[in-house]
>>> print(open('work.tsv').read())   # TSV, C-alpha atoms
chain	number	residue	atom	x	y	z
A	1	MET	CA	144.94	172.97	114.75
A	2	SER	CA	145.87	176.54	113.84
A	3	PRO	CA	142.99	178.88	112.93
A	4	LYS	CA	142.33	179.69	109.29
A	5	THR	CA	144.02	182.83	108.10
A	6	LYS	CA	142.63	185.18	105.52
A	7	ASP	CA	144.89	183.66	102.84
A	8	THR	CA	144.15	180.03	103.70
A	9	PRO	CA	141.99	178.56	100.90
A	10	THR	CA	138.70	176.95	101.87
A	11	LYS	CA	137.95	173.34	101.03
A	12	GLY	CA	135.81	174.50	98.11
A	13	GLU	CA	138.57	176.75	96.78
A	14	THR	CA	141.09	173.92	97.07
A	15	THR	CA	138.77	171.59	95.15
A	16	ARG	CA	138.26	174.19	92.41
A	17	LEU	CA	142.03	174.58	91.97
A	18	THR	CA	142.45	170.78	91.89
A	19	VAL	CA	139.86	170.60	89.10
A	20	GLU	CA	141.61	173.41	87.20
A	21	ASP	CA	144.99	171.68	87.50
A	22	ALA	CA	143.52	168.40	86.25
A	23	ALA	CA	141.83	170.17	83.35
A	24	ILE	CA	145.04	171.96	82.35
A	25	GLU	CA	146.85	168.63	82.08
A	26	LEU	CA	144.12	167.12	79.93
A	27	PHE	CA	143.66	170.19	77.70
A	28	ILE	CA	147.40	170.20	76.96
A	29	GLU	CA	147.57	166.42	76.44
A	30	GLN	CA	144.57	166.01	74.13
A	31	GLY	CA	143.03	169.43	73.41
A	32	TYR	CA	139.98	171.18	74.79
A	33	HIS	CA	137.31	169.62	72.60
A	34	ALA	CA	138.60	166.07	73.09
A	35	THR	CA	138.43	166.40	76.87
A	36	SER	CA	135.24	165.51	78.70
A	37	MET	CA	133.96	166.55	82.11
A	38	ARG	CA	134.12	162.89	83.18
A	39	GLN	CA	137.82	162.74	82.30
A	40	ILE	CA	138.49	165.93	84.27
A	41	ALA	CA	136.61	164.54	87.29
A	42	GLU	CA	138.58	161.28	87.14
A	43	ARG	CA	141.91	163.10	86.85
A	44	ALA	CA	140.95	165.33	89.80
A	45	GLY	CA	139.88	162.32	91.88
A	46	LEU	CA	136.25	163.43	92.09
A	47	ALA	CA	132.90	161.91	91.28
A	48	LEU	CA	131.36	163.43	88.15
A	49	GLY	CA	128.52	164.91	90.22
A	50	GLY	CA	131.07	166.49	92.55
A	51	ILE	CA	132.68	168.52	89.80
A	52	TYR	CA	129.32	170.10	88.93
A	53	ASN	CA	129.13	171.46	92.48
A	54	HIS	CA	131.93	173.82	91.48
A	55	PHE	CA	131.65	174.29	87.71
A	56	ALA	CA	128.54	174.32	85.55
A	57	SER	CA	130.40	173.39	82.37
A	58	LYS	CA	133.76	172.65	80.78
A	59	ASP	CA	133.79	176.17	79.36
A	60	GLU	CA	133.42	177.58	82.86
A	61	ILE	CA	136.45	175.54	83.96
A	62	PHE	CA	138.49	176.89	81.05
A	63	GLU	CA	137.53	180.48	81.83
A	64	ALA	CA	138.48	179.96	85.48
A	65	ILE	CA	141.88	178.66	84.37
A	66	ILE	CA	142.46	181.74	82.22
A	67	ILE	CA	141.68	183.99	85.21
A	68	ASP	CA	143.04	182.04	88.20
A	69	LYS	CA	146.25	180.79	86.62
A	70	HIS	CA	147.24	184.05	84.95
A	71	PRO	CA	150.89	184.64	85.90
A	72	TYR	CA	150.45	188.41	86.36
A	73	LYS	CA	150.11	187.85	90.13
A	74	ARG	CA	153.70	186.64	90.21
A	75	ILE	CA	155.12	188.77	87.40
A	76	LEU	CA	153.60	192.17	88.20
A	77	PRO	CA	155.40	192.79	91.53
A	78	LEU	CA	158.70	191.80	89.90
A	79	VAL	CA	158.08	194.08	86.90
A	80	ILE	CA	157.25	196.99	89.21
A	81	GLU	CA	160.54	196.48	91.04
A	82	ALA	CA	162.60	196.22	87.83
A	83	GLN	CA	165.69	198.42	87.98
A	84	GLY	CA	166.74	201.05	85.46
A	85	GLU	CA	167.47	204.74	85.59
A	86	THR	CA	166.07	205.31	82.08
A	87	ALA	CA	162.89	204.07	80.39
A	88	ASP	CA	165.09	202.00	78.05
A	89	GLU	CA	166.87	200.22	80.91
A	90	PHE	CA	163.69	199.72	82.89
A	91	LEU	CA	161.73	198.18	79.98
A	92	ARG	CA	164.63	195.90	79.03
A	93	ASN	CA	164.83	194.59	82.58
A	94	ALA	CA	161.04	194.29	82.89
A	95	PHE	CA	160.90	192.33	79.61
A	96	LYS	CA	163.61	189.89	80.75
A	97	ILE	CA	161.87	189.37	84.10
A	98	ALA	CA	158.52	188.68	82.40
A	99	VAL	CA	160.06	186.31	79.85
A	100	THR	CA	161.95	184.40	82.55
A	101	GLU	CA	158.89	184.00	84.75
A	102	LEU	CA	156.61	182.99	81.86
A	103	GLY	CA	159.26	180.55	80.66
A	104	ALA	CA	158.97	178.83	84.03
A	105	GLN	CA	155.23	178.30	83.39
A	106	PRO	CA	155.08	176.71	79.92
A	107	ALA	CA	151.67	175.17	80.62
A	108	TYR	CA	150.06	178.60	80.83
A	109	MET	CA	151.40	179.67	77.44
A	110	LYS	CA	149.98	176.47	75.91
A	111	ILE	CA	146.61	177.20	77.47
A	112	MET	CA	146.73	180.72	76.01
A	113	LEU	CA	147.38	179.23	72.56
A	114	ILE	CA	144.31	177.00	72.98
A	115	GLU	CA	142.37	180.13	73.96
A	116	MET	CA	143.47	181.94	70.80
A	117	VAL	CA	143.09	179.02	68.37
A	118	GLU	CA	139.94	177.28	69.67
A	119	PHE	CA	138.07	180.25	71.17
A	120	ASN	CA	139.32	183.23	69.13
A	121	GLY	CA	140.28	184.90	72.40
A	122	ARG	CA	136.70	185.25	73.68
A	123	HIS	CA	137.69	184.60	77.30
A	124	GLY	CA	140.05	187.55	77.11
A	125	ALA	CA	137.37	189.98	78.28
A	126	ALA	CA	136.89	188.02	81.51
A	127	MET	CA	140.64	187.88	82.08
A	128	LEU	CA	141.09	191.62	81.45
A	129	LYS	CA	138.18	192.47	83.75
A	130	GLU	CA	140.14	190.71	86.47
A	131	ILE	CA	143.66	191.96	85.77
A	132	ALA	CA	143.31	195.35	84.04
A	133	PRO	CA	142.41	197.28	87.24
A	134	LYS	CA	145.61	195.92	88.81
A	135	VAL	CA	147.96	196.22	85.84
A	136	LEU	CA	146.84	199.39	84.06
A	137	PRO	CA	147.76	201.73	86.96
A	138	VAL	CA	151.31	200.39	86.77
A	139	PHE	CA	151.60	201.50	83.14
A	140	GLU	CA	149.93	204.82	83.93
A	141	GLN	CA	152.56	205.42	86.59
A	142	MET	CA	155.35	204.47	84.17
A	143	LEU	CA	154.16	207.14	81.76
A	144	LYS	CA	154.24	209.73	84.54
A	145	VAL	CA	157.70	209.01	85.91
A	146	ARG	CA	159.64	207.54	82.98
A	147	LYS	CA	161.02	210.09	80.55
A	148	GLY	CA	161.75	209.47	76.88
A	149	LEU	CA	158.61	207.50	76.00
A	150	ARG	CA	156.91	208.22	72.68
A	151	ILE	CA	153.60	206.72	73.78
A	152	SER	CA	151.05	208.52	75.96
A	153	ASN	CA	148.10	206.10	76.15
A	154	PRO	CA	148.52	203.62	79.06
A	155	ALA	CA	146.12	201.06	77.54
A	156	MET	CA	148.12	201.03	74.29
A	157	PHE	CA	151.34	200.86	76.28
A	158	LEU	CA	150.04	197.83	78.19
A	159	ARG	CA	148.82	196.13	75.02
A	160	SER	CA	152.07	196.66	73.12
A	161	PHE	CA	154.31	195.52	75.98
A	162	PHE	CA	152.49	192.26	76.67
A	163	GLY	CA	151.87	191.74	72.96
A	164	MET	CA	155.62	191.90	72.45
A	165	ILE	CA	156.19	189.31	75.18
A	166	ILE	CA	153.57	186.93	73.75
A	167	SER	CA	154.95	187.32	70.23
A	168	TYR	CA	158.42	186.51	71.56
A	169	PHE	CA	157.16	183.25	73.07
A	170	ILE	CA	155.14	182.24	70.02
A	171	THR	CA	158.01	182.83	67.61
A	172	GLU	CA	160.37	181.06	70.03
A	173	MET	CA	158.10	178.00	69.96
A	174	VAL	CA	157.74	178.08	66.17
A	175	THR	CA	161.45	178.44	65.46
A	176	ALA	CA	162.71	176.03	68.12
A	177	ASN	CA	164.74	173.13	66.67
A	178	SER	CA	164.47	174.64	63.20
A	179	VAL	CA	167.08	175.95	60.81
A	180	LEU	CA	166.19	179.46	61.99
A	181	SER	CA	167.09	178.65	65.59
A	182	LYS	CA	170.62	177.82	64.44
A	183	LEU	CA	170.88	181.22	62.74
A	184	MET	CA	169.73	183.22	65.75
A	185	PRO	CA	172.36	185.33	67.52
A	186	LYS	CA	173.20	184.57	71.14
A	187	ASP	CA	171.75	187.92	72.19
A	188	ALA	CA	168.41	187.34	70.40
A	189	MET	CA	166.40	188.43	73.44
A	190	ASP	CA	168.26	191.73	73.65
A	191	ILE	CA	167.74	192.35	69.94
A	192	TYR	CA	164.03	191.54	70.26
A	193	ILE	CA	163.46	194.11	73.00
A	194	ASP	CA	165.64	196.60	71.10
A	195	ILE	CA	163.34	196.28	68.08
A	196	TYR	CA	160.33	196.91	70.35
A	197	LEU	CA	161.96	199.98	71.84
A	198	HIS	CA	163.52	201.52	68.75
A	199	GLY	CA	161.99	199.82	65.68
A	200	ILE	CA	163.84	198.38	62.70
A	201	LEU	CA	164.33	201.57	60.68
A	202	LYS	CA	167.42	203.70	60.99
A	203	GLU	CA	167.03	207.34	61.83
A	204	PRO	CA	167.17	209.44	58.65
A	205	ALA	CA	170.55	211.06	58.12
>>> encode(input="work.tsv", output="structure tokens")
Amino acid sequence: MSPKTKDTPTKGETTRLTVEDAAIELFIEQGYHATSMRQIAERAGLALGGIYNHFASKDEIFEAIIIDKHPYKRILPLVIEAQGETADEFLRNAFKIAVTELGAQPAYMKIMLIEMVEFNGRHGAAMLKEIAPKVLPVFEQMLKVRKGLRISNPAMFLRSFFGMIISYFITEMVTANSVLSKLMPKDAMDIYIDIYLHGILKEPA
């Protein structure tokens, strides 16, 4: 048997992730409040007592999901490597990368909607405590090296960029299979990022 490497999860870590995956399925299928710890344990293939060895409550499981399953770990390196000689080109490419990667993880977006609707975003502080130290420096560096930006506060830059991505997904979900979806142009994604970059008002003559 090969020795454990630094990145090899322990048995306890593997069990925690199994519980989180089971909980995600149930939260999406029937909602947070309708899901019990017993149901999560059964879906994870554990005894009810076993699940309490890893999580004190259902709320603790949900918070762990928000932190552990956040897609920034996959998206951030790709965003950093986004190509573009100008700030405009770079942000367009970064937006498309983030949207593509998040689109491949629809379960996470549904969990985030549960977080916003059922918890009023109160787990957000725990998530940001985990990810802000890793993500904020990236936006600070962008402000230093990318010319042509009208914003100077990296925290506001971070908030607006990811807010734009989340709003894109929410409006995409709301308008899907509706009369509006049939009226959308083929380059809707490009127009969306263009509005973020340049606004909707024309420059005064």
>>> atom_distance(input="work.tsv", atom1="atom CA of A:His198", atom2="atom CA of A:Arg92")
11.8 Å
>>> atom_distance(input="work.tsv", atom1="atom CA of A:Leu102", atom2="atom CA of A:Phe169")
8.8 Å
>>> residues_near_point(input="work.tsv", point="(143.3, 170.6, 73.1)", cutoff="10 Å", atoms="all atoms listed in the file", output="list in words")
Ile24, Glu25, Leu26, Phe27, Ile28, Glu29, Gln30, Gly31, Tyr32, His33, Ala34, Thr35, Lys110, Ile111, Leu113, Ile114, Glu115, Val117 and Glu118 of chain A
>>> closest_residue(input="work.tsv", among="A:Ile67, A:Leu149, A:Ala188, A:Ala176", to="A:Ala132", atoms="only C-alpha atoms")
A:Ile67
>>> closest_residue(input="work.tsv", among="A:Leu201, A:Leu17, A:Ile51, A:Met173", to="A:Ser36", atoms="all atoms listed in the file")
A:Ile51
>>> closest_residue(input="work.tsv", among="A:Glu42, A:Ile165, A:Ile200, A:Arg159", to="A:Lys96", atoms="all atoms listed in the file")
A:Ile165
>>> atom_distance(input="work.tsv", atom1="atom CA of A:Lys134", atom2="atom CA of A:Arg74")
12.4 Å
>>> residues_around(input="work.tsv", residues="stretch 193-195 of chain A", least_positions_apart="4", cutoff="12 Å", atoms="only C-alpha atoms", output="compact mmCIF listing (two decimals) with C-alpha atoms, in the frame of the given file")
# COMPACT_ATOMS: atom_id res chain seq x y z
CA ASP A 88 165.09 202.00 78.05
CA GLU A 89 166.87 200.22 80.91
CA PHE A 90 163.69 199.72 82.89
CA LEU A 91 161.73 198.18 79.98
CA ARG A 92 164.63 195.90 79.03
CA ASN A 93 164.83 194.59 82.58
CA ALA A 94 161.04 194.29 82.89
CA PHE A 95 160.90 192.33 79.61
CA LYS A 96 163.61 189.89 80.75
CA ALA A 98 158.52 188.68 82.40
CA VAL A 99 160.06 186.31 79.85
CA SER A 160 152.07 196.66 73.12
CA PHE A 161 154.31 195.52 75.98
CA PHE A 162 152.49 192.26 76.67
CA GLY A 163 151.87 191.74 72.96
CA MET A 164 155.62 191.90 72.45
CA ILE A 165 156.19 189.31 75.18
CA SER A 167 154.95 187.32 70.23
CA TYR A 168 158.42 186.51 71.56
CA ASP A 187 171.75 187.92 72.19
CA ALA A 188 168.41 187.34 70.40
CA MET A 189 166.40 188.43 73.44
CA GLY A 199 161.99 199.82 65.68
CA ILE A 200 163.84 198.38 62.70
CA LEU A 201 164.33 201.57 60.68
CA LYS A 202 167.42 203.70 60.99
>>> residues_around(input="work.tsv", residues="A:Arg122", least_positions_apart="6", cutoff="12 Å", atoms="all atoms listed in the file", output="ChimeraX atom specification")
/A:59,62-63,66,112,114-116,128
>>> closest_residue(input="work.tsv", among="A:Val79, A:Ala104, A:Ala22, A:Leu46", to="A:Ile65", atoms="all atoms listed in the file")
A:Ala22
>>> decode(input="work.tsv", residues="stretch 18-60 of chain A", atoms="N, CA and C atoms", output="PDB file, in the first residue's frame")
ATOM      1  N   THR A  18     -18.679  12.656   2.192  1.00  0.00           N
ATOM      2  CA  THR A  18     -19.792  11.772   1.826  1.00  0.00           C
ATOM      3  C   THR A  18     -21.096  12.285   2.421  1.00  0.00           C
ATOM      4  N   VAL A  19     -21.030  12.737   3.674  1.00  0.00           N
ATOM      5  CA  VAL A  19     -22.212  13.307   4.330  1.00  0.00           C
ATOM      6  C   VAL A  19     -22.660  14.576   3.602  1.00  0.00           C
ATOM      7  N   GLU A  20     -21.710  15.424   3.244  1.00  0.00           N
ATOM      8  CA  GLU A  20     -22.043  16.666   2.541  1.00  0.00           C
ATOM      9  C   GLU A  20     -22.703  16.370   1.196  1.00  0.00           C
ATOM     10  N   ASP A  21     -22.162  15.400   0.465  1.00  0.00           N
ATOM     11  CA  ASP A  21     -22.739  15.055  -0.839  1.00  0.00           C
ATOM     12  C   ASP A  21     -24.167  14.527  -0.685  1.00  0.00           C
ATOM     13  N   ALA A  22     -24.386  13.693   0.330  1.00  0.00           N
ATOM     14  CA  ALA A  22     -25.724  13.161   0.580  1.00  0.00           C
ATOM     15  C   ALA A  22     -26.687  14.281   0.950  1.00  0.00           C
ATOM     16  N   ALA A  23     -26.214  15.210   1.772  1.00  0.00           N
ATOM     17  CA  ALA A  23     -27.054  16.329   2.199  1.00  0.00           C
ATOM     18  C   ALA A  23     -27.406  17.234   1.026  1.00  0.00           C
ATOM     19  N   ILE A  24     -26.447  17.484   0.143  1.00  0.00           N
ATOM     20  CA  ILE A  24     -26.722  18.314  -1.034  1.00  0.00           C
ATOM     21  C   ILE A  24     -27.866  17.720  -1.841  1.00  0.00           C
ATOM     22  N   GLU A  25     -27.811  16.431  -2.090  1.00  0.00           N
ATOM     23  CA  GLU A  25     -28.857  15.768  -2.868  1.00  0.00           C
ATOM     24  C   GLU A  25     -30.223  15.963  -2.220  1.00  0.00           C
ATOM     25  N   LEU A  26     -30.279  15.764  -0.921  1.00  0.00           N
ATOM     26  CA  LEU A  26     -31.558  15.860  -0.209  1.00  0.00           C
ATOM     27  C   LEU A  26     -32.044  17.305  -0.128  1.00  0.00           C
ATOM     28  N   PHE A  27     -31.152  18.245   0.123  1.00  0.00           N
ATOM     29  CA  PHE A  27     -31.558  19.654   0.204  1.00  0.00           C
ATOM     30  C   PHE A  27     -32.147  20.114  -1.129  1.00  0.00           C
ATOM     31  N   ILE A  28     -31.553  19.665  -2.229  1.00  0.00           N
ATOM     32  CA  ILE A  28     -32.047  20.051  -3.551  1.00  0.00           C
ATOM     33  C   ILE A  28     -33.368  19.357  -3.860  1.00  0.00           C
ATOM     34  N   GLU A  29     -33.487  18.088  -3.465  1.00  0.00           N
ATOM     35  CA  GLU A  29     -34.698  17.311  -3.753  1.00  0.00           C
ATOM     36  C   GLU A  29     -35.904  17.802  -2.964  1.00  0.00           C
ATOM     37  N   GLN A  30     -35.715  18.101  -1.667  1.00  0.00           N
ATOM     38  CA  GLN A  30     -36.879  18.380  -0.828  1.00  0.00           C
ATOM     39  C   GLN A  30     -36.753  19.618   0.060  1.00  0.00           C
ATOM     40  N   GLY A  31     -35.638  20.365  -0.087  1.00  0.00           N
ATOM     41  CA  GLY A  31     -35.477  21.580   0.707  1.00  0.00           C
ATOM     42  C   GLY A  31     -34.745  21.309   2.009  1.00  0.00           C
ATOM     43  N   TYR A  32     -34.181  22.360   2.569  1.00  0.00           N
ATOM     44  CA  TYR A  32     -33.408  22.220   3.804  1.00  0.00           C
ATOM     45  C   TYR A  32     -34.278  21.804   4.975  1.00  0.00           C
ATOM     46  N   HIS A  33     -35.362  22.528   5.200  1.00  0.00           N
ATOM     47  CA  HIS A  33     -36.163  22.296   6.401  1.00  0.00           C
ATOM     48  C   HIS A  33     -36.894  20.956   6.378  1.00  0.00           C
ATOM     49  N   ALA A  34     -37.141  20.417   5.201  1.00  0.00           N
ATOM     50  CA  ALA A  34     -37.836  19.125   5.107  1.00  0.00           C
ATOM     51  C   ALA A  34     -36.877  17.946   5.221  1.00  0.00           C
ATOM     52  N   THR A  35     -35.604  18.225   5.310  1.00  0.00           N
ATOM     53  CA  THR A  35     -34.595  17.162   5.386  1.00  0.00           C
ATOM     54  C   THR A  35     -34.162  16.955   6.835  1.00  0.00           C
ATOM     55  N   SER A  36     -34.122  15.705   7.248  1.00  0.00           N
ATOM     56  CA  SER A  36     -33.725  15.395   8.626  1.00  0.00           C
ATOM     57  C   SER A  36     -32.317  14.809   8.662  1.00  0.00           C
ATOM     58  N   MET A  37     -31.709  14.845   9.836  1.00  0.00           N
ATOM     59  CA  MET A  37     -30.393  14.242  10.015  1.00  0.00           C
ATOM     60  C   MET A  37     -30.457  12.736   9.740  1.00  0.00           C
ATOM     61  N   ARG A  38     -31.547  12.092  10.118  1.00  0.00           N
ATOM     62  CA  ARG A  38     -31.695  10.660   9.865  1.00  0.00           C
ATOM     63  C   ARG A  38     -31.676  10.364   8.369  1.00  0.00           C
ATOM     64  N   GLN A  39     -32.370  11.201   7.585  1.00  0.00           N
ATOM     65  CA  GLN A  39     -32.390  11.004   6.138  1.00  0.00           C
ATOM     66  C   GLN A  39     -30.992  11.178   5.542  1.00  0.00           C
ATOM     67  N   ILE A  40     -30.260  12.169   6.035  1.00  0.00           N
ATOM     68  CA  ILE A  40     -28.901  12.403   5.541  1.00  0.00           C
ATOM     69  C   ILE A  40     -28.016  11.199   5.867  1.00  0.00           C
ATOM     70  N   ALA A  41     -28.135  10.685   7.095  1.00  0.00           N
ATOM     71  CA  ALA A  41     -27.336   9.529   7.502  1.00  0.00           C
ATOM     72  C   ALA A  41     -27.649   8.324   6.621  1.00  0.00           C
ATOM     73  N   GLU A  42     -28.938   8.094   6.353  1.00  0.00           N
ATOM     74  CA  GLU A  42     -29.334   6.960   5.516  1.00  0.00           C
ATOM     75  C   GLU A  42     -28.796   7.109   4.100  1.00  0.00           C
ATOM     76  N   ARG A  43     -28.892   8.328   3.543  1.00  0.00           N
ATOM     77  CA  ARG A  43     -28.407   8.555   2.186  1.00  0.00           C
ATOM     78  C   ARG A  43     -26.886   8.379   2.115  1.00  0.00           C
ATOM     79  N   ALA A  44     -26.199   8.741   3.198  1.00  0.00           N
ATOM     80  CA  ALA A  44     -24.738   8.622   3.239  1.00  0.00           C
ATOM     81  C   ALA A  44     -24.275   7.214   3.601  1.00  0.00           C
ATOM     82  N   GLY A  45     -25.219   6.339   3.975  1.00  0.00           N
ATOM     83  CA  GLY A  45     -24.865   4.980   4.353  1.00  0.00           C
ATOM     84  C   GLY A  45     -24.235   4.881   5.729  1.00  0.00           C
ATOM     85  N   LEU A  46     -24.670   5.791   6.631  1.00  0.00           N
ATOM     86  CA  LEU A  46     -24.131   5.804   7.989  1.00  0.00           C
ATOM     87  C   LEU A  46     -25.230   5.584   9.007  1.00  0.00           C
ATOM     88  N   ALA A  47     -24.833   5.125  10.193  1.00  0.00           N
ATOM     89  CA  ALA A  47     -25.774   5.098  11.307  1.00  0.00           C
ATOM     90  C   ALA A  47     -25.978   6.537  11.765  1.00  0.00           C
ATOM     91  N   LEU A  48     -27.156   6.823  12.334  1.00  0.00           N
ATOM     92  CA  LEU A  48     -27.436   8.193  12.769  1.00  0.00           C
ATOM     93  C   LEU A  48     -26.392   8.675  13.765  1.00  0.00           C
ATOM     94  N   GLY A  49     -25.982   7.811  14.691  1.00  0.00           N
ATOM     95  CA  GLY A  49     -24.967   8.200  15.667  1.00  0.00           C
ATOM     96  C   GLY A  49     -23.641   8.530  15.002  1.00  0.00           C
ATOM     97  N   GLY A  50     -23.346   7.847  13.895  1.00  0.00           N
ATOM     98  CA  GLY A  50     -22.090   8.067  13.201  1.00  0.00           C
ATOM     99  C   GLY A  50     -21.977   9.451  12.602  1.00  0.00           C
ATOM    100  N   ILE A  51     -23.100   9.978  12.143  1.00  0.00           N
ATOM    101  CA  ILE A  51     -23.065  11.304  11.516  1.00  0.00           C
ATOM    102  C   ILE A  51     -22.749  12.381  12.545  1.00  0.00           C
ATOM    103  N   TYR A  52     -23.175  12.154  13.804  1.00  0.00           N
ATOM    104  CA  TYR A  52     -22.915  13.142  14.854  1.00  0.00           C
ATOM    105  C   TYR A  52     -21.451  13.135  15.305  1.00  0.00           C
ATOM    106  N   ASN A  53     -20.693  12.138  14.875  1.00  0.00           N
ATOM    107  CA  ASN A  53     -19.258  12.145  15.159  1.00  0.00           C
ATOM    108  C   ASN A  53     -18.542  13.194  14.314  1.00  0.00           C
ATOM    109  N   HIS A  54     -19.218  13.662  13.273  1.00  0.00           N
ATOM    110  CA  HIS A  54     -18.600  14.599  12.335  1.00  0.00           C
ATOM    111  C   HIS A  54     -19.297  15.955  12.295  1.00  0.00           C
ATOM    112  N   PHE A  55     -20.597  15.963  12.559  1.00  0.00           N
ATOM    113  CA  PHE A  55     -21.369  17.205  12.513  1.00  0.00           C
ATOM    114  C   PHE A  55     -22.312  17.263  13.708  1.00  0.00           C
ATOM    115  N   ALA A  56     -22.316  18.399  14.377  1.00  0.00           N
ATOM    116  CA  ALA A  56     -23.171  18.546  15.559  1.00  0.00           C
ATOM    117  C   ALA A  56     -24.626  18.790  15.193  1.00  0.00           C
ATOM    118  N   SER A  57     -24.874  19.299  13.987  1.00  0.00           N
ATOM    119  CA  SER A  57     -26.240  19.657  13.610  1.00  0.00           C
ATOM    120  C   SER A  57     -26.372  19.724  12.091  1.00  0.00           C
ATOM    121  N   LYS A  58     -27.597  19.802  11.633  1.00  0.00           N
ATOM    122  CA  LYS A  58     -27.869  19.957  10.202  1.00  0.00           C
ATOM    123  C   LYS A  58     -27.339  21.292   9.704  1.00  0.00           C
ATOM    124  N   ASP A  59     -27.443  22.310  10.528  1.00  0.00           N
ATOM    125  CA  ASP A  59     -26.939  23.629  10.150  1.00  0.00           C
ATOM    126  C   ASP A  59     -25.427  23.583   9.942  1.00  0.00           C
ATOM    127  N   GLU A  60     -24.733  22.824  10.761  1.00  0.00           N
ATOM    128  CA  GLU A  60     -23.286  22.703  10.620  1.00  0.00           C
ATOM    129  C   GLU A  60     -22.936  22.011   9.300  1.00  0.00           C
TER     130      GLU A  60
END
